[in-house]
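Chemist: This structure is in structure tokens; I'll ask about it shortly.
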Amino acid sequence: MNRVQCSICGAAMPGNWQDYPDYPFCSRRCRLADLGRWFGEEYRVPDAAPPDLSTPPDDE
Ligand SMILES: [Zn+2]
């Protein structure tokens, strides 16, 4: 058994990890929450894409 759960909210993530674009988090919200932890503080999750932190463009 390979049970996976979101490391942020603990939600179970049944099915294949490929079903989760934000794996290993259950959602973008949790992914951003994890990012926020790196900043040592909680911050608001924007509706739009998060600010460009360190992700290079895909077509480079
Ligand atoms: Zn979650």
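Within each chain, counting starts at residue 1; across the structure tokens, chains are named A, B, ... in the order shown, with ligands numbered 1 upward in that order.
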Could you list, as a ChimeraX atom specification, all residues that come within 12 Å of ligand 1? Count only C-alpha atoms and all ligand atoms.
Modeler: /A:4-13,20,22-34
Chemist: If you keep C-alpha atoms, can you produce a file of those selected residues as an mmCIF file, in the first residue's frame?
Modeler:
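Writing the result to result36.cif gives the following:
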```
data_model
loop_
_atom_site.group_PDB
_atom_site.id
_atom_site.type_symbol
_atom_site.label_atom_id
_atom_site.label_comp_id
_atom_site.auth_asym_id
_atom_site.auth_seq_id
_atom_site.Cartn_x
_atom_site.Cartn_y
_atom_site.Cartn_z
ATOM 1 C CA VAL A 4 -0.251 9.356 0.277
ATOM 2 C CA GLN A 5 -1.530 12.284 2.186
ATOM 3 C CA CYS A 6 -1.032 15.988 1.919
ATOM 4 C CA SER A 7 1.841 17.064 4.114
ATOM 5 C CA ILE A 8 0.116 20.351 4.838
ATOM 6 C CA CYS A 9 -3.486 19.583 5.675
ATOM 7 C CA GLY A 10 -3.198 15.828 5.985
ATOM 8 C CA ALA A 11 -5.930 15.177 3.462
ATOM 9 C CA ALA A 12 -5.879 11.742 1.921
ATOM 10 C CA MET A 13 -4.938 11.703 -1.721
ATOM 11 C CA TYR A 20 -2.524 15.896 -8.470
ATOM 12 C CA ASP A 22 0.379 20.092 -7.072
ATOM 13 C CA TYR A 23 1.703 16.802 -5.756
ATOM 14 C CA PRO A 24 2.848 16.163 -3.063
ATOM 15 C CA PHE A 25 0.224 18.605 -1.945
ATOM 16 C CA CYS A 26 -3.478 18.087 -2.410
ATOM 17 C CA SER A 27 -4.049 21.498 -3.896
ATOM 18 C CA ARG A 28 -2.406 24.703 -4.945
ATOM 19 C CA ARG A 29 -3.543 26.213 -1.693
ATOM 20 C CA CYS A 30 -1.504 23.744 0.273
ATOM 21 C CA ARG A 31 1.433 24.100 -2.045
ATOM 22 C CA LEU A 32 1.428 27.824 -1.443
ATOM 23 C CA ALA A 33 1.003 27.244 2.251
ATOM 24 C CA ASP A 34 4.168 25.187 2.178
#
```
